[in-house]
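Quick look at protein-v3.txt (compact mmCIF, C-alpha atoms and all ligand atoms):
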# COMPACT_ATOMS: atom_id res chain seq x y z
CA MET A 1057 18.71 -34.23 -250.96
CA ALA A 1058 16.79 -37.44 -251.31
CA THR A 1059 14.12 -37.19 -254.01
CA THR A 1060 10.48 -37.36 -252.94
CA ASP A 1061 10.12 -40.95 -254.14
CA THR A 1062 12.81 -42.08 -251.71
CA ARG A 1063 11.26 -43.80 -248.72
CA ARG A 1064 12.89 -43.25 -245.35
CA LEU A 1065 12.57 -45.40 -242.27
CA ARG A 1066 14.18 -44.21 -239.06
CA VAL A 1067 15.56 -47.03 -236.90
CA ARG A 1068 16.27 -46.55 -233.19
CA ALA A 1069 18.23 -49.50 -231.84
CA GLY A 1070 19.57 -49.01 -228.34
CA ARG A 1071 21.68 -45.87 -228.45
CA ALA A 1072 22.02 -45.98 -232.24
CA GLU A 1073 19.72 -44.15 -234.65
CA TYR A 1074 19.92 -44.32 -238.41
CA ASP A 1075 18.02 -44.00 -241.67
CA VAL A 1076 17.13 -46.80 -244.03
CA LEU A 1077 16.60 -45.23 -247.46
CA VAL A 1078 14.69 -47.15 -250.14
CA GLY A 1079 14.43 -45.93 -253.71
CA ASN A 1080 15.51 -46.22 -257.32
CA GLY A 1081 18.95 -45.02 -258.38
CA LEU A 1082 20.23 -44.27 -254.87
CA LEU A 1083 23.71 -45.70 -255.57
CA ALA A 1084 24.42 -42.87 -257.98
CA ARG A 1085 23.47 -40.40 -255.25
CA MET A 1086 25.68 -41.92 -252.54
CA PRO A 1087 28.16 -39.02 -252.36
CA ALA A 1088 25.31 -36.62 -251.58
CA LEU A 1089 23.55 -39.04 -249.21
CA LEU A 1090 26.77 -39.43 -247.19
CA ALA A 1091 27.46 -35.70 -247.20
CA GLU A 1092 23.93 -34.91 -245.96
CA ARG A 1093 24.65 -37.03 -242.89
CA GLY A 1094 28.19 -35.84 -242.29
CA LEU A 1095 29.62 -39.23 -243.18
CA PRO A 1096 33.17 -38.90 -244.49
CA ALA A 1097 33.30 -40.10 -248.10
CA ALA A 1098 36.89 -38.91 -248.25
CA ARG A 1099 37.86 -41.47 -245.60
CA ALA A 1100 35.73 -44.31 -246.92
CA VAL A 1101 36.65 -47.77 -248.13
CA VAL A 1102 34.17 -49.74 -250.23
CA VAL A 1103 33.97 -53.47 -249.44
CA SER A 1104 32.38 -55.79 -251.97
CA ASN A 1105 32.86 -59.24 -253.47
CA THR A 1106 34.06 -60.66 -256.77
CA THR A 1107 30.54 -60.65 -258.23
CA VAL A 1108 29.02 -57.42 -256.93
CA GLY A 1109 32.27 -55.45 -256.99
CA PRO A 1110 32.48 -55.26 -260.79
CA LEU A 1111 28.72 -54.58 -261.04
CA TYR A 1112 28.38 -51.82 -258.44
CA GLY A 1113 31.26 -51.58 -255.96
CA ALA A 1114 33.88 -50.32 -258.38
CA ALA A 1115 31.71 -47.49 -259.74
CA LEU A 1116 30.81 -46.39 -256.23
CA ALA A 1117 34.45 -46.49 -255.13
CA GLU A 1118 35.40 -44.39 -258.13
CA ALA A 1119 32.62 -41.88 -257.49
CA LEU A 1120 33.76 -41.50 -253.89
CA GLY A 1121 37.49 -41.60 -254.68
CA ALA A 1122 37.69 -44.50 -252.20
CA PRO A 1123 39.67 -47.74 -252.36
CA LEU A 1124 37.73 -50.92 -253.22
CA LEU A 1125 38.47 -54.02 -251.15
CA THR A 1126 37.14 -57.25 -252.61
CA ILE A 1127 36.41 -60.47 -250.76
CA PRO A 1128 35.64 -63.80 -252.45
CA ASP A 1129 31.98 -64.59 -253.18
CA GLY A 1130 30.12 -67.23 -251.18
CA GLU A 1131 29.09 -68.33 -247.70
CA GLN A 1132 32.17 -70.60 -247.57
CA HIS A 1133 34.26 -67.42 -247.43
CA LYS A 1134 32.37 -65.93 -244.47
CA THR A 1135 35.31 -66.88 -242.26
CA LEU A 1136 37.84 -65.51 -239.81
CA ALA A 1137 40.46 -65.82 -242.58
CA THR A 1138 38.46 -63.48 -244.86
CA LEU A 1139 37.89 -61.12 -241.95
CA GLY A 1140 41.63 -61.04 -241.21
CA ALA A 1141 42.53 -60.34 -244.82
CA LEU A 1142 39.92 -57.58 -244.99
CA CYS A 1143 41.15 -55.87 -241.81
CA GLN A 1144 44.71 -56.05 -243.12
CA GLY A 1145 43.49 -54.47 -246.37
CA MET A 1146 41.87 -51.68 -244.38
CA LEU A 1147 45.14 -51.05 -242.56
CA ASP A 1148 47.08 -51.09 -245.85
CA ALA A 1149 44.57 -48.58 -247.25
CA GLY A 1150 45.44 -46.24 -244.40
CA MET A 1151 42.10 -46.38 -242.61
CA ASP A 1152 42.00 -44.85 -239.16
CA ARG A 1153 39.37 -44.59 -236.44
CA ASP A 1154 37.49 -41.85 -238.31
CA SER A 1155 37.20 -43.92 -241.47
CA LEU A 1156 34.04 -45.36 -242.94
CA VAL A 1157 33.32 -48.85 -244.27
CA ILE A 1158 30.75 -49.05 -247.06
CA ALA A 1159 29.54 -52.63 -247.52
CA VAL A 1160 28.15 -53.25 -251.02
CA GLY A 1161 26.77 -56.74 -251.50
CA GLY A 1162 24.55 -59.47 -250.18
CA GLY A 1163 24.28 -60.68 -246.61
CA VAL A 1164 27.72 -62.27 -246.64
CA VAL A 1165 29.48 -59.02 -247.57
CA GLY A 1166 27.32 -57.12 -245.08
CA ASP A 1167 28.06 -59.54 -242.24
CA VAL A 1168 31.83 -59.72 -242.89
CA ALA A 1169 32.34 -56.02 -243.63
CA GLY A 1170 30.09 -55.11 -240.69
CA PHE A 1171 32.15 -57.28 -238.36
CA ALA A 1172 35.37 -55.80 -239.76
CA ALA A 1173 33.97 -52.34 -239.02
CA ALA A 1174 33.00 -53.45 -235.50
CA SER A 1175 36.52 -54.79 -234.85
CA TYR A 1176 38.93 -52.57 -236.78
CA MET A 1177 40.64 -50.21 -234.35
CA ARG A 1178 37.86 -51.20 -231.91
CA GLY A 1179 35.16 -49.89 -234.17
CA VAL A 1180 34.64 -47.63 -237.19
CA ARG A 1181 31.36 -46.58 -238.78
CA VAL A 1182 29.72 -48.72 -241.44
CA VAL A 1183 27.16 -47.96 -244.16
CA GLN A 1184 25.26 -50.95 -245.45
CA VAL A 1185 24.37 -51.00 -249.15
CA PRO A 1186 22.56 -54.33 -249.55
CA THR A 1187 22.33 -55.65 -253.11
CA SER A 1188 20.49 -58.94 -252.60
CA LEU A 1189 16.80 -59.01 -251.71
CA LEU A 1190 17.57 -61.01 -248.58
CA ALA A 1191 20.11 -58.45 -247.39
CA MET A 1192 17.69 -55.60 -248.18
CA VAL A 1193 14.77 -56.95 -246.17
CA ASP A 1194 16.75 -58.56 -243.38
CA ALA A 1195 20.55 -58.70 -243.02
CA SER A 1196 21.42 -55.02 -243.55
CA VAL A 1197 19.16 -53.72 -240.78
CA GLY A 1198 19.64 -54.43 -237.09
CA GLY A 1199 23.40 -54.52 -236.63
CA LYS A 1200 24.12 -58.23 -236.47
CA THR A 1201 27.53 -58.90 -237.98
CA GLY A 1202 29.79 -61.90 -237.94
CA VAL A 1203 31.44 -64.88 -239.57
CA ASP A 1204 31.04 -68.64 -239.49
CA LEU A 1205 33.28 -71.22 -237.83
CA PRO A 1206 33.76 -74.72 -239.29
CA GLY A 1207 31.49 -75.93 -236.46
CA GLY A 1208 28.59 -73.60 -237.23
CA LYS A 1209 27.16 -70.43 -238.68
CA ASN A 1210 27.53 -66.92 -237.26
CA MET A 1211 29.46 -68.20 -234.25
CA VAL A 1212 31.74 -65.16 -233.98
CA GLY A 1213 30.41 -61.65 -234.37
CA ALA A 1214 29.20 -58.44 -232.84
CA PHE A 1215 26.19 -56.18 -232.70
CA TRP A 1216 27.30 -53.13 -234.67
CA GLN A 1217 24.55 -50.87 -235.94
CA PRO A 1218 25.13 -49.16 -239.30
CA ALA A 1219 25.27 -45.38 -239.64
CA LEU A 1220 23.04 -45.60 -242.72
CA VAL A 1221 21.40 -48.26 -244.90
CA VAL A 1222 20.88 -47.51 -248.60
CA VAL A 1223 18.55 -49.82 -250.52
CA ASP A 1224 18.67 -49.18 -254.27
CA VAL A 1225 15.85 -51.14 -255.90
CA ALA A 1226 17.57 -50.88 -259.30
CA VAL A 1227 20.36 -53.31 -258.35
CA LEU A 1228 17.81 -56.13 -258.12
CA GLY A 1229 17.86 -56.09 -261.92
CA THR A 1230 21.02 -58.23 -261.92
CA LEU A 1231 20.10 -60.51 -259.02
CA PRO A 1232 19.69 -64.14 -260.15
CA PRO A 1233 16.09 -65.47 -259.80
CA VAL A 1234 17.12 -68.03 -257.18
CA GLU A 1235 18.44 -65.21 -255.00
CA VAL A 1236 15.19 -63.30 -255.46
CA ARG A 1237 13.32 -66.36 -254.20
CA CYS A 1238 15.66 -66.54 -251.19
CA GLY A 1239 14.82 -62.96 -250.29
CA LEU A 1240 11.11 -63.66 -250.69
CA ALA A 1241 11.44 -66.43 -248.09
CA GLU A 1242 12.70 -63.91 -245.52
CA ALA A 1243 10.06 -61.38 -246.55
CA LEU A 1244 7.36 -64.02 -246.07
CA LYS A 1245 8.88 -64.73 -242.64
CA HIS A 1246 8.48 -61.05 -241.78
CA GLY A 1247 4.85 -61.19 -242.88
CA LEU A 1248 4.28 -64.20 -240.64
CA ILE A 1249 5.92 -62.53 -237.67
CA ASP A 1250 4.26 -59.13 -237.74
CA ASP A 1251 2.48 -58.07 -240.92
CA PRO A 1252 -0.57 -60.05 -242.09
CA ALA A 1253 -1.02 -57.73 -245.09
CA LEU A 1254 2.55 -58.45 -246.25
CA PHE A 1255 1.95 -62.18 -245.83
CA ALA A 1256 -1.34 -61.93 -247.74
CA ARG A 1257 0.34 -60.04 -250.59
CA LEU A 1258 3.17 -62.57 -250.87
CA GLU A 1259 0.99 -65.65 -250.56
CA THR A 1260 -0.70 -64.73 -253.83
CA GLY A 1261 2.67 -65.52 -255.40
CA GLN A 1262 3.08 -61.95 -256.61
CA THR A 1263 6.80 -61.44 -256.86
CA ALA A 1264 7.05 -57.97 -258.40
CA ILE A 1265 9.37 -56.18 -256.04
CA ASP A 1266 9.00 -52.46 -255.63
CA ALA A 1267 10.01 -49.89 -253.04
CA ALA A 1268 6.66 -50.23 -251.24
CA LEU A 1269 7.10 -53.98 -250.71
CA LEU A 1270 10.68 -53.50 -249.56
CA GLU A 1271 9.65 -50.79 -247.12
CA GLN A 1272 6.90 -53.00 -245.72
CA ALA A 1273 9.26 -55.94 -245.16
CA ILE A 1274 12.06 -53.79 -243.75
CA ALA A 1275 9.61 -52.08 -241.38
CA VAL A 1276 8.92 -55.42 -239.67
CA LYS A 1277 12.62 -55.96 -239.08
CA ALA A 1278 13.02 -52.39 -237.86
CA ARG A 1279 10.13 -52.71 -235.40
CA VAL A 1280 11.53 -55.92 -233.92
CA VAL A 1281 15.05 -54.51 -233.66
CA GLU A 1282 13.75 -51.36 -231.99
CA ALA A 1283 11.92 -53.45 -229.41
CA ASP A 1284 14.90 -55.67 -228.64
CA ALA A 1285 18.20 -54.58 -230.22
CA LEU A 1286 20.36 -57.20 -228.48
CA GLU A 1287 18.03 -60.20 -228.82
CA HIS A 1288 17.09 -60.71 -225.21
CA GLY A 1289 13.50 -61.47 -226.16
CA VAL A 1290 11.25 -60.62 -229.08
CA ARG A 1291 14.11 -60.35 -231.62
CA ALA A 1292 14.39 -64.13 -231.44
CA HIS A 1293 11.14 -64.15 -233.48
CA LEU A 1294 13.28 -63.19 -236.48
CA ASN A 1295 14.92 -66.60 -236.12
CA LEU A 1296 11.63 -68.29 -237.08
CA GLY A 1297 12.55 -71.40 -239.08
CA HIS A 1298 16.27 -70.78 -238.62
CA THR A 1299 17.01 -73.74 -236.33
CA PHE A 1300 16.00 -75.99 -239.23
CA ALA A 1301 17.61 -73.68 -241.77
CA HIS A 1302 21.04 -73.57 -240.17
CA ALA A 1303 21.02 -77.34 -239.75
CA ILE A 1304 20.17 -77.73 -243.46
CA GLU A 1305 22.89 -75.31 -244.51
CA THR A 1306 25.45 -77.12 -242.36
CA VAL A 1307 24.42 -80.62 -243.37
CA SER A 1308 24.39 -79.69 -247.07
CA GLY A 1309 27.89 -78.26 -246.78
CA TYR A 1310 26.40 -74.83 -247.65
CA GLN A 1311 25.19 -76.16 -251.02
CA TRP A 1312 21.79 -74.88 -249.89
CA LYS A 1313 21.39 -71.13 -249.93
CA HIS A 1314 20.35 -69.44 -246.71
CA GLY A 1315 16.97 -68.29 -248.03
CA GLU A 1316 16.15 -71.69 -249.55
CA ALA A 1317 16.94 -73.29 -246.21
CA VAL A 1318 14.82 -70.70 -244.40
CA ALA A 1319 11.85 -71.64 -246.62
CA VAL A 1320 12.14 -75.30 -245.56
CA GLY A 1321 12.67 -74.11 -242.00
CA LEU A 1322 9.45 -72.06 -242.04
CA ALA A 1323 7.50 -75.08 -243.27
CA GLY A 1324 9.18 -77.33 -240.70
CA ALA A 1325 8.59 -74.92 -237.82
CA ALA A 1326 4.93 -74.61 -238.84
CA ARG A 1327 4.44 -78.37 -238.97
CA LEU A 1328 6.22 -78.88 -235.64
CA SER A 1329 4.24 -76.10 -233.97
CA ALA A 1330 0.95 -77.53 -235.25
CA ALA A 1331 1.94 -81.03 -234.08
CA LEU A 1332 2.65 -79.60 -230.63
CA GLY A 1333 -0.72 -77.87 -230.61
CA LEU A 1334 0.87 -74.41 -230.60
CA PHE A 1335 -0.35 -73.34 -234.03
CA ALA A 1336 -3.65 -73.51 -235.93
CA GLN A 1337 -3.84 -76.84 -237.78
CA ALA A 1338 -4.63 -75.16 -241.11
CA LEU A 1339 -1.63 -72.83 -241.08
CA PRO A 1340 1.17 -75.22 -242.14
CA ALA A 1341 -0.64 -76.01 -245.40
CA ARG A 1342 -1.23 -72.29 -246.02
CA ILE A 1343 2.44 -71.49 -245.44
CA GLU A 1344 3.56 -74.36 -247.66
CA ALA A 1345 1.21 -73.19 -250.41
CA ALA A 1346 2.63 -69.68 -250.16
CA LEU A 1347 6.23 -70.96 -250.32
CA THR A 1348 5.38 -73.13 -253.32
CA ARG A 1349 3.77 -70.20 -255.14
CA LEU A 1350 6.96 -68.21 -254.55
CA GLY A 1351 8.96 -71.03 -256.17
CA LEU A 1352 10.45 -72.27 -252.90
CA ARG A 1353 10.76 -75.80 -251.56
CA CYS A 1354 9.13 -76.91 -248.32
CA ALA A 1355 11.27 -79.99 -247.65
CA MET A 1356 14.87 -81.09 -248.06
CA PRO A 1357 15.10 -83.83 -250.72
CA ALA A 1358 16.45 -87.14 -249.43
CA SER A 1359 19.17 -86.98 -252.12
CA THR A 1360 20.65 -83.86 -250.52
CA ARG A 1361 20.68 -85.53 -247.13
CA ARG A 1362 22.46 -88.57 -248.52
CA ARG A 1363 24.98 -86.54 -250.55
CA SER A 1364 26.20 -84.59 -247.55
CA GLY A 1365 27.39 -87.75 -245.79
CA LYS A 1366 26.41 -86.08 -242.52
CA ARG A 1367 23.98 -87.39 -239.99
CA TRP A 1368 20.38 -86.24 -240.52
CA PRO A 1369 18.78 -85.07 -238.38
CA PRO A 1370 21.82 -83.61 -236.58
CA THR A 1371 22.49 -84.94 -233.08
CA ARG A 1372 20.90 -83.10 -230.20
CA SER A 1373 24.29 -81.71 -229.06
CA GLY A 1374 25.22 -80.84 -232.64
CA ALA A 1375 21.99 -78.98 -233.10
CA ARG A 1376 22.71 -77.06 -229.91
CA ALA A 1377 26.28 -76.21 -230.87
CA GLY A 1378 25.74 -75.78 -234.59
CA HIS A 1379 24.73 -72.15 -235.00
CA ALA A 1380 24.17 -68.82 -233.45
CA SER A 1381 21.09 -66.83 -234.51
CA CYS A 1382 20.67 -65.26 -237.96
N1 LIG B 1 23.06 -59.97 -240.12
C1 LIG B 1 21.82 -60.42 -240.17
O1 LIG B 1 20.93 -59.95 -239.44
C2 LIG B 1 21.47 -61.49 -241.17
C3 LIG B 1 20.13 -61.80 -241.42
C4 LIG B 1 19.85 -62.76 -242.38
C5 LIG B 1 20.88 -63.39 -243.06
N2 LIG B 1 22.16 -63.08 -242.78
C6 LIG B 1 23.28 -63.71 -243.49
O2 LIG B 1 23.23 -63.29 -244.85
C7 LIG B 1 23.82 -64.29 -245.66
C8 LIG B 1 22.91 -64.59 -246.82
O3 LIG B 1 22.77 -63.39 -247.57
P1 LIG B 1 22.47 -63.44 -249.13
O4 LIG B 1 21.33 -64.34 -249.38
O5 LIG B 1 22.42 -62.06 -249.60
O6 LIG B 1 23.72 -64.23 -249.70
P2 LIG B 1 25.03 -63.70 -250.48
O7 LIG B 1 25.61 -62.54 -249.81
O8 LIG B 1 25.90 -64.90 -250.66
O9 LIG B 1 24.45 -63.22 -251.88
C9 LIG B 1 23.86 -64.17 -252.74
C10 LIG B 1 24.52 -64.17 -254.13
O10 LIG B 1 23.99 -63.08 -254.87
C11 LIG B 1 25.08 -62.27 -255.37
N3 LIG B 1 24.55 -60.93 -255.48
C12 LIG B 1 24.19 -60.10 -254.47
N4 LIG B 1 23.64 -58.99 -254.97
C13 LIG B 1 23.65 -59.10 -256.32
C14 LIG B 1 23.18 -58.29 -257.38
N5 LIG B 1 22.52 -57.15 -257.18
N6 LIG B 1 23.39 -58.72 -258.65
C15 LIG B 1 23.98 -59.92 -258.89
N7 LIG B 1 24.41 -60.75 -257.92
C16 LIG B 1 24.24 -60.36 -256.65
C17 LIG B 1 26.19 -62.49 -254.37
O11 LIG B 1 27.45 -62.17 -254.91
C18 LIG B 1 26.03 -63.97 -254.08
O12 LIG B 1 26.62 -64.74 -255.10
C19 LIG B 1 24.05 -65.50 -244.77
O13 LIG B 1 25.41 -65.56 -244.41
C20 LIG B 1 23.19 -65.21 -243.55
O14 LIG B 1 23.70 -65.81 -242.38
C21 LIG B 1 22.47 -62.14 -241.86

For the structure just supplied, provide its representation as structure tokens.
Ligand SMILES: NC(=O)c1ccc[n+]([C@@H]2O[C@H](COP(=O)([O-])OP(=O)(O)OC[C@H]3O[C@@H](n4cnc5c(N)ncnc54)[C@H](O)[C@@H]3O)[C@@H](O)[C@H]2O)c1
Amino acid sequence: MATTDTRRLRVRAGRAEYDVLVGNGLLARMPALLAERGLPAARAVVVSNTTVGPLYGAALAEALGAPLLTIPDGEQHKTLATLGALCQGMLDAGMDRDSLVIAVGGGVVGDVAGFAAASYMRGVRVVQVPTSLLAMVDASVGGKTGVDLPGGKNMVGAFWQPALVVVDVAVLGTLPPVEVRCGLAEALKHGLIDDPALFARLETGQTAIDAALLEQAIAVKARVVEADALEHGVRAHLNLGHTFAHAIETVSGYQWKHGEAVAVGLAGAARLSAALGLFAQALPARIEAALTRLGLRCAMPASTRRRSGKRWPPTRSGARAGHASC
């Protein structure tokens, strides 16, 4: 049983329904959490990366008696080649259609392992165990999975809702500060989209992350996904700032982290919207002040643009072809 201090959000996305659990020490309770939901630990494979695997993936795999499959760390490895190697590893591990993928890591692990689960034998169940703040508040919920192509981010993928999402606040203890800031950028985005109280809390620059804050930020994502699971309408709001962000990531050769790029994208989208008369004139400055207080940048330094050797801003056709949504 989940302890009373475990927060539970129920997500209904299309025909899928699943819990998002938020609490301290949930990783250690994974065998019980899976059993409570009839998810087959005995047929599970844990997927992690070279950084998070040694920290958390290996212990979980051992506790479940499951094999651990490790992918390389970094956005540059969110590729079809990594996906192919992972699916082959799943086959070698003897996984069948009743097996379970448990993705333990940041958004890259979640996206790649989620897409592997969506594709392997035409679909096996996946449990998302996000370990970065960004993956906790955004990537792990909603079922978007996929990989990048050389021509752009998230160009190949599938909607594949998880069977369960387990957010263990304790794992944030090892997350580098820059990654915490990246997650705060997405949380601020959620506040802007649909939770003024969350925005107000974050704009004070308060960065203590607890289960309540996580639940509040995840709830925004869950509400949007419930309203529009396949992004035919309102779910596109979650892409706020992402047209700029994906361009920055691409132009910087992925030297910029997704969340850092999203921060610049939020500032850029605010300025553009105000210039077009679609946004209150005072809001861009307020958003930039909030980003600055959270330790995030609001513009891409000229040095980064020059270093990339790529055209900035990207061409109109490049911008159109360069990414699918987050
Ligand atoms: N599917 C979606 O809906 C969705 C939404 C937003 C973003 N994304 C995707 O998510 C990715 C970005 O996710 P991210 O910011 O988590 O990047 P990431 O997965 O690269 O993780 C960031 C870094 O933190 C490390 N890390 C993660 N958890 C850790 C922990 N607890 N302790 C120590 N190190 C840890 C990772 O190994 C990595 O080096 C992008 O590819 C983006 O496109 C997907």

message: Can you tell me which residues surround Val1320 (chain A) at a distance of at most 8 Å, considering only C-alpha atoms, apart from same-chain residues fewer than 4 positions away, and format the answer as JSON, numbers by chain?
response: {"A": [1297, 1300, 1301, 1316, 1324, 1353, 1354, 1355, 1356]}

task: Please check which protein, DNA or RNA residues sit within 7 Å of ligand LIG 1 (chain B), counting only C-alpha atoms and all ligand atoms, and write them as a PyMOL selection string.
output: chain A and resi 1105+1107-1108+1129-1131+1134+1161-1165+1167+1187-1191+1194-1201+1209-1210+1227-1232+1235+1238-1239+1313-1315+1382

- request: Write out as a ChimeraX atom specification each polymer residue whose atoms come within 9 Å of Leu1258 (chain A), counting all atoms listed in the file; drop sequence neighbours fewer than 3 positions from it.
  value: /A:1240,1243-1244,1247,1253-1255,1261-1263,1346-1347,1349-1350

- request: Return the single residue from A:Leu1139, A:Val1281, A:Ala1267, A:Met1192 that is closest to Gln1217 (chain A), with distances computed using all atoms listed in the file.
  value: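 Closest to Gln1217 (chain A) of all the choices is A:Val1281.
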
- prompt: Between A:Ala1330, A:Ala1072, A:Val1307, A:Val1318, which has the minimum distance to Leu1286 (chain A) (counting only C-alpha atoms)?
  reply: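 Of A:Ala1330, A:Ala1072, A:Val1307, A:Val1318, the one nearest Leu1286 (chain A), counting only C-alpha atoms, is A:Ala1072.
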
- request: Excluding Glu1118 (chain A) and residues on its chain fewer than 6 positions from it, collect all residues at most 12 Å away from it, counting all atoms listed in the file, and give them as a PyMOL selection string.
  value: chain A and resi 1084+1086-1087+1097-1098+1100-1102+1109-1110+1112+1124

Please, could you write that set of residues out with C-alpha atoms as a tab-separated table (two decimals), in the frame of the given file?
chain	number	residue	atom	x	y	z
A	1084	ALA	CA	24.42	-42.87	-257.98
A	1086	MET	CA	25.68	-41.92	-252.54
A	1087	PRO	CA	28.16	-39.02	-252.36
A	1097	ALA	CA	33.30	-40.10	-248.10
A	1098	ALA	CA	36.89	-38.91	-248.25
A	1100	ALA	CA	35.73	-44.31	-246.92
A	1101	VAL	CA	36.65	-47.77	-248.13
A	1102	VAL	CA	34.17	-49.74	-250.23
A	1109	GLY	CA	32.27	-55.45	-256.99
A	1110	PRO	CA	32.48	-55.26	-260.79
A	1112	TYR	CA	28.38	-51.82	-258.44
A	1124	LEU	CA	37.73	-50.92	-253.22

CA of Ala1268 (chain A) to CA of His1293 (chain A), distance in Å rounded to a single decimal: 23.0 Å

- prompt: So what do you get for CA of Tyr1310 (chain A) versus CA of Ala1174 (chain A), distance-wise?
  reply: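 Between CA of Tyr1310 (chain A) and CA of Ala1174 (chain A) the gap works out to 25.5 Å.
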
- request: Mind checking which residues fall within 10 Å of Arg1342 (chain A), counting only C-alpha atoms, ignoring those fewer than 4 positions away in the same chain, and posting them as a count of residues only?
  value: 8

query: Quick one: residues within 8 Å of Leu1296 (chain A), all atoms listed in the file counted, chain neighbours fewer than 5 positions away excluded, as JSON, numbers by chain?
result: {"A": [1245, 1321, 1322, 1325]}

- prompt: In terms of the shortest atom-to-atom distance over all atoms listed in the file, which of A:Glu1282, A:Glu1305, A:Asp1224, A:Asp1266 is closest to Gly1207 (chain A)?
  reply: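 Distance minimum relative to Gly1207 (chain A) lands on A:Glu1305.
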
query: Out of A:Ala1115, A:Gly1166, A:Val1183, A:Ala1336, which residue has the shortest atom-to-atom distance to Arg1093 (chain A) when counting all atoms listed in the file?
result: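 Closest to Arg1093 (chain A) of all the choices is A:Val1183.
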
Distance in Å - CA of Glu1242 (chain A) versus CA of Gly1079 (chain A):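 Interatomic distance here is 19.8 Å.
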
field: From A:Gln1144, A:Thr1126, A:Asn1080, A:Gln1132, residue lying nearest Gly1309 (chain A) [all atoms listed in the file]
entry: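 Using all atoms listed in the file, Gly1309 (chain A) sits closest to A:Gln1132.
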
- prompt: From the set A:Ala1358, A:Leu1083, A:Ala1319, A:Ala1172, which residue has the shortest atom-to-atom contact distance to Arg1237 (chain A), counting all atoms listed in the file?
  reply: A:Ala1319
